[in-house]
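Notes to accompany the following structure.
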2 protein chains.
Amino acid sequence: MSKFWSSLAKQVDPYIPGEQLNDDTIIKLNTNENPYPPSNQVIQAIDEASKNLRLYPSPTVDELRSEIGEMYGLSQDHIFIGNGSDEVLAFSFMSFFEPGNRIKYPEITYSFYPVYAKLFNISTDVIPLNDDYTIPVEHFYNSEGGVIFPNPNAPTGIFLEIDQIKRILENNPNQVVIIDEAYIDFALESAVTLVEAFPNLLVIQTMSKSRSLAGLRIGFAIGNPELIIGLERIKNSFNSYTVDRLAIAGAIEAIRDKDYFLQTTTKIIESRSYLKEQLETRHFDILPSQANFLLVSHKEVNAEVLYQELKKQGILVRYFQKPGLENFLRISIGTPAQIEKLLKKIDHIIKPSP
Amino acid sequence: MSKFWSSLAKQVDPYIPGEQLNDDTIIKLNTNENPYPPSNQVIQAIDEASKNLRLYPSPTVDELRSEIGEMYGLSQDHIFIGNGSDEVLAFSFMSFFEPGNRIKYPEITYSFYPVYAKLFNISTDVIPLNDDYTIPVEHFYNSEGGVIFPNPNAPTGIFLEIDQIKRILENNPNQVVIIDEAYIDFALESAVTLVEAFPNLLVIQTMSKSRSLAGLRIGFAIGNPELIIGLERIKNSFNSYTVDRLAIAGAIEAIRDKDYFLQTTTKIIESRSYLKEQLETRHFDILPSQANFLLVSHKEVNAEVLYQELKKQGILVRYFQKPGLENFLRISIGTPAQIEKLLKKIDHIIKPSP
Ligand SMILES: Cc1ncc(COP(=O)(O)O)c(C=O)c1O
Ligand SMILES: Cc1ncc(COP(=O)(O)O)c(C=O)c1O
């Protein structure tokens, strides 16, 4: 603590991201990055855009907004762009949640939500999951200050049907309901189709996972233009240009190259099934995931031990030292070759030679 | 106004950035961009870094921090990196200024400060400039909540001597004094040399101006490690990764290529003298600028008329519709060729053929 810090700086409880090691020999399955590189079109567009770096980027990011809008049959007025979906989430807390009015989110969920709540002084009503780790839909009705959860949920990977989201929207007519779809491209369907019917729905997506662009920092929100204007008011009070020229140029091409997107997401979904089957034969319990990761626990070997042993052997997975998650590991879906290596190491750890 | 907006979203008064036109034929002298492209080393580093975009960037940005630290003979613990200095400024308001305690800034200054004050609910004590547009140093003593101003000031371009800054620091021992050095590389000297003696000093700089990287969004703060930790606490409660891989890679090379930096800043400083002389012969009053722009007013022709006429003729300069600035134009320093075109157009406007 420093006497120069504001009471805000003193009070916050910062997020701790997954380890980012600078070691190419390690197999990194801990932060849900895509194992495949971005489309070549993205790289080319970045190269081209690097010629104009002396000039500020577009503060309104219109071209990218209309590209994303088109993908969902919406105008650019429905789209807001941010520096990663983390930034979009932060601006959303500022724009739609009111200090004093309690918002609802699940007890097991993306651990940045409580951090934002603390930063922006938002009270919370934390809802325990059902015993099977699904979301108890009725408990999200009639919130005082709004609702937020990921779909698929993180780190469970469990997908909530759109019909259920519709019920939550109908039962919060005067509150904003934020669906954080960071992993939606690996799942059945997006709630974006509800945007025109529900002015209280904000869907947030990211290019960090399904578009292989974690290193570029692009997230976006889709919602009623009224909500988008609210986000813009906050953003324009914070930073005129949050997304740089290279990120804009790359993101546009990531949306345009639909074939590559489809190929890579399909491969990851297939690998997810394969990894799940393989881990099941090795006595793991696995939640039904529609994301690019599996949340798993071994019937005998303790999760922390497994995490440490895998790390020693050059494979990084995510271990959460948090209530309710003590015996789980979150494993991002890698390439088939990475998966084989992972399985081999696991075999080595759980069946030590006699 | 929407019923879904928080009271914060309703209350803010967003910043309006200078026009960013997508028109290559226009000569853009309105947002203090550098007329020269960034160093080739920067472009090469970006190209190289685009290979790893599937992975998140470093959340701590250590390599860039130590590169910047080295430049000033400081360790990386003294450096904080942000997504443009606007983001660094926003985090600084959150980290060091307390709602209820009035901060001091000049009446004519960077117009984002009042926007931040409104966003973060910080009370203000706005200090009028002296008649010659210089900063009235004594009036910045004994602030209740802190001090912030640019040096050189914007949009006056006037530089305040380091000795004077020292007096302000000495007379605010328990408050943070932020010196926004967006334009310092075109001026006499930085206040960074005071950082080790004054734990209450935070210096903020940007790569948008002197490093030709407005399009890449890199700003940084230099201060006592205690202040840097405060900034990190807020940043890590907001967005784990605010600066993308390409921006980090490019920024590192922008610092490393010292020759190119020196060449381009020298050229701009020379062009500034030339433009000043030329405008003086054309009956302009010009404030003594140590930045990459001039704040000018013509003795006869109204600033708004001049702005409109120049715009019609393909030259964009900055006109502020603000009290105290009604009769000024801010003109960014362009290349020698751009300056010749500007002078020709001005001749055409102020001396219409009979
Ligand atoms: C549920 C969820 N939301 C948002 C994010 C943030 O993603 P980004 O800021 O990279 O867009 C993550 C990242 O892991 C996540 O798991
Ligand atoms: C005084 C001052 N500070 C900060 C900034 C913001 O610069 P950036 O966010 O591009 O680093 C500007 C931009 O014009 C400025 O004039």
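Numbering starts fresh at 1 for the residues of each chain in the structure tokens, the chains themselves are lettered A, B, ... in the order given, and ligands are numbered from 1 as they appear.
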
Original post:
Which residues, written as number ranges by chain, have at least one atom at most 9 Å from Leu160 (chain A), with only C-alpha atoms counted and residues fewer than 6 positions away on the same chain left out?
Top reply: A: 134-135, 151-153

Original post:
Once you count only C-alpha atoms and all ligand atoms, which residues end up within 9 Å of ligand 2, and could you hand them over as a ChimeraX atom specification?
Top reply: /A:56,239-242 /B:17-18,31-33,82-89,109-112,149-155,180-183,204-209,213-220

Take the residues that were just selected and, keeping N, CA and C atoms, output them as a short mmCIF file (atom, residue, chain, number, x, y, z; two decimals), in the first residue's frame.
data_model
loop_
_atom_site.label_atom_id
_atom_site.label_comp_id
_atom_site.auth_asym_id
_atom_site.auth_seq_id
_atom_site.Cartn_x
_atom_site.Cartn_y
_atom_site.Cartn_z
N TYR A 56 -3.20 7.92 -36.75
CA TYR A 56 -4.12 7.32 -35.79
C TYR A 56 -5.07 6.36 -36.51
N ASN A 239 -10.65 6.44 -23.82
CA ASN A 239 -9.54 6.31 -24.76
C ASN A 239 -10.14 6.47 -26.15
N SER A 240 -9.67 7.46 -26.90
CA SER A 240 -10.29 7.71 -28.22
C SER A 240 -10.09 6.54 -29.17
N TYR A 241 -8.97 5.87 -29.03
CA TYR A 241 -8.62 4.81 -29.98
C TYR A 241 -8.14 3.61 -29.19
N THR A 242 -9.03 2.66 -28.94
CA THR A 242 -8.59 1.52 -28.12
C THR A 242 -8.06 0.38 -28.97
N PRO B 17 -12.45 13.36 -30.64
CA PRO B 17 -11.11 13.43 -31.23
C PRO B 17 -11.12 14.24 -32.53
N GLY B 18 -9.93 14.67 -32.98
CA GLY B 18 -9.80 15.36 -34.26
C GLY B 18 -10.30 14.45 -35.38
N THR B 31 -4.01 16.30 -36.06
CA THR B 31 -3.95 15.50 -34.83
C THR B 31 -2.52 15.21 -34.39
N ASN B 32 -1.60 16.08 -34.83
CA ASN B 32 -0.21 16.01 -34.36
C ASN B 32 0.47 14.66 -34.60
N GLU B 33 0.06 14.04 -35.71
CA GLU B 33 0.78 12.84 -36.11
C GLU B 33 2.14 13.24 -36.69
N GLY B 82 0.84 1.22 -21.55
CA GLY B 82 -0.60 1.22 -21.82
C GLY B 82 -0.92 1.37 -23.29
N ASN B 83 -2.18 1.19 -23.57
CA ASN B 83 -2.72 1.23 -24.93
C ASN B 83 -2.94 2.70 -25.35
N GLY B 84 -1.82 3.36 -25.65
CA GLY B 84 -1.86 4.81 -25.89
C GLY B 84 -1.72 5.53 -24.56
N SER B 85 -1.23 6.77 -24.59
CA SER B 85 -1.13 7.46 -23.31
C SER B 85 -2.51 7.83 -22.79
N ASP B 86 -3.52 7.87 -23.66
CA ASP B 86 -4.88 8.08 -23.15
C ASP B 86 -5.24 7.01 -22.12
N GLU B 87 -4.93 5.74 -22.42
CA GLU B 87 -5.25 4.69 -21.46
C GLU B 87 -4.42 4.86 -20.19
N VAL B 88 -3.16 5.23 -20.34
CA VAL B 88 -2.31 5.44 -19.16
C VAL B 88 -2.88 6.58 -18.31
N LEU B 89 -3.34 7.63 -18.97
CA LEU B 89 -3.96 8.75 -18.24
C LEU B 89 -5.22 8.27 -17.50
N THR B 109 -5.84 23.38 -21.80
CA THR B 109 -4.98 22.20 -21.71
C THR B 109 -5.59 21.08 -22.54
N TYR B 110 -5.03 19.87 -22.40
CA TYR B 110 -5.54 18.71 -23.14
C TYR B 110 -6.99 18.47 -22.71
N SER B 111 -7.88 18.45 -23.67
CA SER B 111 -9.30 18.45 -23.30
C SER B 111 -9.82 17.11 -22.82
N PHE B 112 -8.94 16.12 -22.73
CA PHE B 112 -9.38 14.85 -22.15
C PHE B 112 -9.42 14.91 -20.62
N PHE B 149 -0.77 18.28 -15.81
CA PHE B 149 -0.72 19.15 -17.00
C PHE B 149 0.30 18.59 -17.98
N PRO B 150 0.14 18.97 -19.26
CA PRO B 150 1.11 18.50 -20.24
C PRO B 150 2.31 19.45 -20.25
N ASN B 151 3.46 18.92 -20.55
CA ASN B 151 4.65 19.74 -20.76
C ASN B 151 5.42 19.19 -21.96
N PRO B 152 5.55 19.96 -23.05
CA PRO B 152 4.89 21.23 -23.33
C PRO B 152 3.36 21.12 -23.18
N ASN B 153 2.74 22.25 -22.81
CA ASN B 153 1.29 22.25 -22.68
C ASN B 153 0.64 22.10 -24.06
N ALA B 154 -0.54 21.53 -24.08
CA ALA B 154 -1.31 21.39 -25.31
C ALA B 154 -2.61 22.16 -25.12
N PRO B 155 -3.10 22.90 -26.08
CA PRO B 155 -2.51 23.08 -27.41
C PRO B 155 -1.64 24.33 -27.53
N ASP B 180 2.33 15.20 -18.28
CA ASP B 180 1.97 14.51 -19.53
C ASP B 180 2.91 15.00 -20.62
N GLU B 181 3.93 14.18 -20.88
CA GLU B 181 4.98 14.61 -21.82
C GLU B 181 4.75 14.06 -23.23
N ALA B 182 3.52 14.18 -23.72
CA ALA B 182 3.22 13.67 -25.07
C ALA B 182 4.16 14.26 -26.13
N TYR B 183 4.59 15.52 -25.91
CA TYR B 183 5.37 16.22 -26.94
C TYR B 183 6.81 16.49 -26.51
N ILE B 204 4.24 10.85 -18.06
CA ILE B 204 3.58 10.01 -19.06
C ILE B 204 4.05 10.42 -20.45
N GLN B 205 4.44 9.44 -21.23
CA GLN B 205 4.88 9.72 -22.61
C GLN B 205 4.13 8.83 -23.60
N THR B 206 4.32 9.10 -24.88
CA THR B 206 3.61 8.34 -25.91
C THR B 206 4.51 8.08 -27.11
N MET B 207 4.21 7.02 -27.85
CA MET B 207 4.91 6.75 -29.11
C MET B 207 4.13 7.30 -30.29
N SER B 208 3.02 7.99 -30.03
CA SER B 208 2.15 8.46 -31.11
C SER B 208 2.74 9.62 -31.89
N LYS B 209 3.61 10.40 -31.25
CA LYS B 209 4.08 11.63 -31.89
C LYS B 209 5.52 11.45 -32.38
N LEU B 213 4.12 6.47 -34.27
CA LEU B 213 3.32 5.25 -34.08
C LEU B 213 1.91 5.52 -33.53
N ALA B 214 1.28 6.59 -33.99
CA ALA B 214 -0.09 6.87 -33.55
C ALA B 214 -1.01 5.67 -33.82
N GLY B 215 -0.75 4.98 -34.94
CA GLY B 215 -1.60 3.86 -35.34
C GLY B 215 -1.40 2.61 -34.53
N LEU B 216 -0.38 2.59 -33.66
CA LEU B 216 -0.06 1.37 -32.92
C LEU B 216 -0.52 1.40 -31.47
N ARG B 217 -0.81 2.61 -30.94
CA ARG B 217 -1.32 2.76 -29.58
C ARG B 217 -0.35 2.25 -28.51
N ILE B 218 0.69 3.02 -28.26
CA ILE B 218 1.58 2.72 -27.14
C ILE B 218 1.86 4.00 -26.37
N GLY B 219 1.52 3.97 -25.09
CA GLY B 219 1.89 5.05 -24.19
C GLY B 219 2.57 4.43 -22.98
N PHE B 220 3.26 5.24 -22.20
CA PHE B 220 3.89 4.67 -21.01
C PHE B 220 4.03 5.71 -19.91
#

Original post:
Among region 62-243 of chain B, which residues carry a DSSP assignment of helix (DSSP H, G or I), reported as an MDAnalysis selection string?
Top reply: chainID B and resid 62:71 76:78 84:96 112:119 137:140 162:170 184:186 191:194 214:216 225:235

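By only C-alpha atoms, and with residues fewer than 5 positions from Thr60 (chain A) along its chain excluded, the set lying at most 10 Å from it is Arg65, Phe80, Ile81, Glu232, Asn236, Ser240, Tyr241, Thr242 and Val243 of chain A; Gln20 of chain B.
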
Dump N, CA, C and O atoms for the selected residues as a PDB file, in the first residue's frame?
ATOM      1  N   ARG A  65     -16.746  -2.993 -37.841  1.00  0.00           N
ATOM      2  CA  ARG A  65     -18.104  -3.130 -37.299  1.00  0.00           C
ATOM      3  C   ARG A  65     -19.082  -3.596 -38.373  1.00  0.00           C
ATOM      4  O   ARG A  65     -19.926  -4.458 -38.111  1.00  0.00           O
ATOM      5  N   PHE A  80     -20.074  -3.054 -31.250  1.00  0.00           N
ATOM      6  CA  PHE A  80     -19.064  -2.266 -30.541  1.00  0.00           C
ATOM      7  C   PHE A  80     -17.765  -3.072 -30.525  1.00  0.00           C
ATOM      8  O   PHE A  80     -17.785  -4.277 -30.293  1.00  0.00           O
ATOM      9  N   ILE A  81     -16.628  -2.383 -30.764  1.00  0.00           N
ATOM     10  CA  ILE A  81     -15.329  -3.077 -30.823  1.00  0.00           C
ATOM     11  C   ILE A  81     -14.476  -2.673 -29.623  1.00  0.00           C
ATOM     12  O   ILE A  81     -14.432  -1.495 -29.270  1.00  0.00           O
ATOM     13  N   GLU A 232     -20.245   3.290 -26.297  1.00  0.00           N
ATOM     14  CA  GLU A 232     -19.406   4.306 -26.957  1.00  0.00           C
ATOM     15  C   GLU A 232     -19.203   5.527 -26.064  1.00  0.00           C
ATOM     16  O   GLU A 232     -18.132   6.131 -26.066  1.00  0.00           O
ATOM     17  N   ASN A 236     -15.480   6.551 -25.264  1.00  0.00           N
ATOM     18  CA  ASN A 236     -14.990   7.864 -25.690  1.00  0.00           C
ATOM     19  C   ASN A 236     -14.678   8.806 -24.522  1.00  0.00           C
ATOM     20  O   ASN A 236     -14.199   9.913 -24.732  1.00  0.00           O
ATOM     21  N   SER A 240      -9.674   7.457 -26.902  1.00  0.00           N
ATOM     22  CA  SER A 240     -10.288   7.705 -28.218  1.00  0.00           C
ATOM     23  C   SER A 240     -10.094   6.541 -29.169  1.00  0.00           C
ATOM     24  O   SER A 240     -10.919   6.284 -30.039  1.00  0.00           O
ATOM     25  N   TYR A 241      -8.971   5.867 -29.033  1.00  0.00           N
ATOM     26  CA  TYR A 241      -8.622   4.808 -29.985  1.00  0.00           C
ATOM     27  C   TYR A 241      -8.141   3.609 -29.185  1.00  0.00           C
ATOM     28  O   TYR A 241      -6.986   3.563 -28.788  1.00  0.00           O
ATOM     29  N   THR A 242      -9.026   2.659 -28.940  1.00  0.00           N
ATOM     30  CA  THR A 242      -8.594   1.516 -28.122  1.00  0.00           C
ATOM     31  C   THR A 242      -8.057   0.377 -28.974  1.00  0.00           C
ATOM     32  O   THR A 242      -7.428  -0.536 -28.453  1.00  0.00           O
ATOM     33  N   VAL A 243      -8.331   0.421 -30.273  1.00  0.00           N
ATOM     34  CA  VAL A 243      -7.931  -0.694 -31.129  1.00  0.00           C
ATOM     35  C   VAL A 243      -7.011  -0.150 -32.215  1.00  0.00           C
ATOM     36  O   VAL A 243      -7.352   0.805 -32.909  1.00  0.00           O
TER      37      VAL A 243
ATOM     38  N   GLN B  20     -10.677  12.053 -38.326  1.00  0.00           N
ATOM     39  CA  GLN B  20      -9.807  11.049 -38.946  1.00  0.00           C
ATOM     40  C   GLN B  20     -10.437  10.667 -40.278  1.00  0.00           C
ATOM     41  O   GLN B  20     -11.310   9.809 -40.339  1.00  0.00           O
TER      42      GLN B  20
END

**OP:** Pick out the residues sitting within 9 Å of region 324-334 of chain B, and hand them over as a PyMOL selection string; count only C-alpha atoms, and ignore anything fewer than 5 positions along from it in its own chain.
**Re:** chain B and resi 27-36+107-108+155-156+268-269+271-272+275+291-298+302-304+306-307+316-319+339

Can those selected residues be exported to a file as an mmCIF file, in the first residue's frame so that it contains N, CA and C atoms?
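Once written, out20.cif looks like this:
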data_model
loop_
_atom_site.group_PDB
_atom_site.id
_atom_site.type_symbol
_atom_site.label_atom_id
_atom_site.label_comp_id
_atom_site.auth_asym_id
_atom_site.auth_seq_id
_atom_site.Cartn_x
_atom_site.Cartn_y
_atom_site.Cartn_z
ATOM 1 N N ILE B 27 -4.144 16.702 -46.844
ATOM 2 C CA ILE B 27 -2.957 16.910 -45.997
ATOM 3 C C ILE B 27 -3.455 17.074 -44.570
ATOM 4 N N LYS B 28 -3.084 16.113 -43.738
ATOM 5 C CA LYS B 28 -3.669 16.014 -42.407
ATOM 6 C C LYS B 28 -2.729 16.632 -41.385
ATOM 7 N N LEU B 29 -3.049 17.845 -40.940
ATOM 8 C CA LEU B 29 -2.206 18.524 -39.949
ATOM 9 C C LEU B 29 -3.045 18.843 -38.720
ATOM 10 N N ASN B 30 -3.953 17.913 -38.381
ATOM 11 C CA ASN B 30 -4.924 18.229 -37.320
ATOM 12 C C ASN B 30 -4.800 17.388 -36.056
ATOM 13 N N THR B 31 -4.014 16.304 -36.061
ATOM 14 C CA THR B 31 -3.954 15.505 -34.831
ATOM 15 C C THR B 31 -2.517 15.210 -34.389
ATOM 16 N N ASN B 32 -1.601 16.077 -34.827
ATOM 17 C CA ASN B 32 -0.205 16.008 -34.357
ATOM 18 C C ASN B 32 0.465 14.658 -34.602
ATOM 19 N N GLU B 33 0.064 14.041 -35.709
ATOM 20 C CA GLU B 33 0.785 12.837 -36.112
ATOM 21 C C GLU B 33 2.136 13.239 -36.690
ATOM 22 N N ASN B 34 3.035 12.272 -36.762
ATOM 23 C CA ASN B 34 4.357 12.517 -37.317
ATOM 24 C C ASN B 34 4.253 12.419 -38.842
ATOM 25 N N PRO B 35 4.850 13.345 -39.592
ATOM 26 C CA PRO B 35 4.718 13.252 -41.050
ATOM 27 C C PRO B 35 5.598 12.153 -41.651
ATOM 28 N N TYR B 36 6.524 11.617 -40.847
ATOM 29 C CA TYR B 36 7.421 10.579 -41.352
ATOM 30 C C TYR B 36 6.959 9.210 -40.862
ATOM 31 N N GLU B 107 -6.616 25.809 -17.281
ATOM 32 C CA GLU B 107 -7.876 26.048 -17.980
ATOM 33 C C GLU B 107 -7.753 25.711 -19.461
ATOM 34 N N ILE B 108 -6.626 26.095 -20.052
ATOM 35 C CA ILE B 108 -6.384 25.717 -21.450
ATOM 36 C C ILE B 108 -5.374 24.580 -21.422
ATOM 37 N N PRO B 155 -3.102 22.898 -26.079
ATOM 38 C CA PRO B 155 -2.508 23.079 -27.406
ATOM 39 C C PRO B 155 -1.636 24.328 -27.531
ATOM 40 N N THR B 156 -1.093 24.840 -26.432
ATOM 41 C CA THR B 156 -0.271 26.047 -26.582
ATOM 42 C C THR B 156 1.117 25.726 -27.122
ATOM 43 N N ILE B 268 11.706 17.687 -37.750
ATOM 44 C CA ILE B 268 10.450 18.339 -37.360
ATOM 45 C C ILE B 268 10.726 19.644 -36.604
ATOM 46 N N ILE B 269 11.731 19.617 -35.754
ATOM 47 C CA ILE B 269 12.071 20.832 -35.010
ATOM 48 C C ILE B 269 12.536 21.930 -35.972
ATOM 49 N N SER B 271 11.658 22.158 -39.177
ATOM 50 C CA SER B 271 10.471 22.596 -39.939
ATOM 51 C C SER B 271 9.593 23.515 -39.096
ATOM 52 N N ARG B 272 9.552 23.256 -37.811
ATOM 53 C CA ARG B 272 8.762 24.102 -36.911
ATOM 54 C C ARG B 272 9.274 25.549 -36.953
ATOM 55 N N LEU B 275 8.354 27.068 -40.402
ATOM 56 C CA LEU B 275 6.928 27.395 -40.518
ATOM 57 C C LEU B 275 6.598 28.632 -39.676
ATOM 58 N N ALA B 291 6.604 21.912 -29.217
ATOM 59 C CA ALA B 291 5.927 20.660 -29.582
ATOM 60 C C ALA B 291 5.980 20.470 -31.098
ATOM 61 N N ASN B 292 5.272 19.450 -31.621
ATOM 62 C CA ASN B 292 5.264 19.264 -33.082
ATOM 63 C C ASN B 292 4.045 19.934 -33.718
ATOM 64 N N PHE B 293 3.678 21.073 -33.140
ATOM 65 C CA PHE B 293 2.582 21.858 -33.702
ATOM 66 C C PHE B 293 2.794 23.320 -33.319
ATOM 67 N N LEU B 294 2.069 24.183 -34.010
ATOM 68 C CA LEU B 294 2.049 25.607 -33.645
ATOM 69 C C LEU B 294 0.610 26.002 -33.362
ATOM 70 N N LEU B 295 0.427 26.832 -32.332
ATOM 71 C CA LEU B 295 -0.890 27.407 -32.078
ATOM 72 C C LEU B 295 -0.838 28.845 -32.602
ATOM 73 N N VAL B 296 -1.654 29.132 -33.587
ATOM 74 C CA VAL B 296 -1.499 30.393 -34.320
ATOM 75 C C VAL B 296 -2.831 31.123 -34.440
ATOM 76 N N SER B 297 -2.755 32.447 -34.555
ATOM 77 C CA SER B 297 -3.964 33.198 -34.892
ATOM 78 C C SER B 297 -3.562 34.299 -35.858
ATOM 79 N N HIS B 298 -4.397 34.523 -36.842
ATOM 80 C CA HIS B 298 -4.074 35.563 -37.822
ATOM 81 C C HIS B 298 -4.610 36.900 -37.320
ATOM 82 N N ASN B 302 -10.328 35.526 -39.380
ATOM 83 C CA ASN B 302 -10.897 34.717 -38.304
ATOM 84 C C ASN B 302 -10.480 33.245 -38.421
ATOM 85 N N ALA B 303 -10.195 32.620 -37.266
ATOM 86 C CA ALA B 303 -9.660 31.258 -37.269
ATOM 87 C C ALA B 303 -10.641 30.256 -37.880
ATOM 88 N N GLU B 304 -11.913 30.398 -37.569
ATOM 89 C CA GLU B 304 -12.873 29.420 -38.083
ATOM 90 C C GLU B 304 -12.969 29.516 -39.608
ATOM 91 N N LEU B 306 -10.592 30.524 -41.609
ATOM 92 C CA LEU B 306 -9.343 29.966 -42.120
ATOM 93 C C LEU B 306 -9.404 28.433 -42.115
ATOM 94 N N TYR B 307 -9.893 27.877 -41.015
ATOM 95 C CA TYR B 307 -10.039 26.425 -40.895
ATOM 96 C C TYR B 307 -10.924 25.880 -42.017
ATOM 97 N N LEU B 316 -6.254 19.886 -43.594
ATOM 98 C CA LEU B 316 -7.001 19.796 -42.345
ATOM 99 C C LEU B 316 -6.120 20.263 -41.196
ATOM 100 N N VAL B 317 -6.581 21.311 -40.479
ATOM 101 C CA VAL B 317 -5.886 21.728 -39.254
ATOM 102 C C VAL B 317 -6.904 21.650 -38.125
ATOM 103 N N ARG B 318 -6.473 21.884 -36.872
ATOM 104 C CA ARG B 318 -7.418 21.723 -35.764
ATOM 105 C C ARG B 318 -7.981 23.065 -35.313
ATOM 106 N N TYR B 319 -9.296 23.149 -35.319
ATOM 107 C CA TYR B 319 -9.968 24.320 -34.786
ATOM 108 C C TYR B 319 -10.760 23.901 -33.554
ATOM 109 N N ILE B 339 4.375 21.706 -45.885
ATOM 110 C CA ILE B 339 4.423 23.078 -45.364
ATOM 111 C C ILE B 339 4.346 24.084 -46.520
#

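Counting only C-alpha atoms, region 253-256 of chain A has the following residues at most 9 Å away, ignoring those fewer than 6 positions along the same chain: Pro38, Ser39, Asn40, Gln41, Val42, Ile43, Gln44, Ala45, Leu64, Glu67, Ile68, Met71, Met207, Arg211, Ser212 and Leu213 of chain A.
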
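Using only C-alpha atoms and all ligand atoms for every distance, the candidate list A:Leu202, A:Ile179, A:Leu279, A:Ala49 yields A:Ile179 as the residue closest to ligand 1.
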
Original post:
If you run DSSP on the backbone, which residues of region 154-304 of chain A are strand (DSSP E or B), as a ChimeraX atom specification?
Top reply: /A:177-180,201-206,219-223,284-286,293-298

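CA of Tyr72 (chain A) is found 15.3 Å from CA of Leu188 (chain A).
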
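For the residues B:Ser237, B:Thr124, B:Asn101, B:Asn22, ranking by smallest atom-to-atom distance to chain A using only C-alpha atoms places B:Ser237 first.
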
Subject >> Closest of A:Gly73, A:Leu21, A:Tyr113, A:Met94 to ligand 1 - atom-to-atom distances counting only C-alpha atoms and all ligand atoms >> reply: A:Tyr113

**OP:** Enter the distance from CA of Ile229 (chain A) to CA of Val203 (chain A), in Å, rounded to one decimal.
**Re:** 14.7 Å

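Minimum atom-to-atom distance to Lys235 (chain A), evaluated using only C-alpha atoms, belongs to A:Phe91 out of A:Thr265, A:Ser66, A:Phe91, A:Val195.
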
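Nearest residue to ligand 1, choosing from B:Pro106, B:Gly223, B:Pro59, B:Pro336 and counting only C-alpha atoms and all ligand atoms: B:Pro59.
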
Original post:
To one decimal place, how far is CA of Tyr15 (chain B) from CA of Phe159 (chain B) in Å?
Top reply: 24.3 Å

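Between ligand 1 and the residues B:Asp132, B:Phe261, B:Leu55, B:Glu161, the shortest atom-to-atom distance, using only C-alpha atoms and all ligand atoms, involves B:Leu55.
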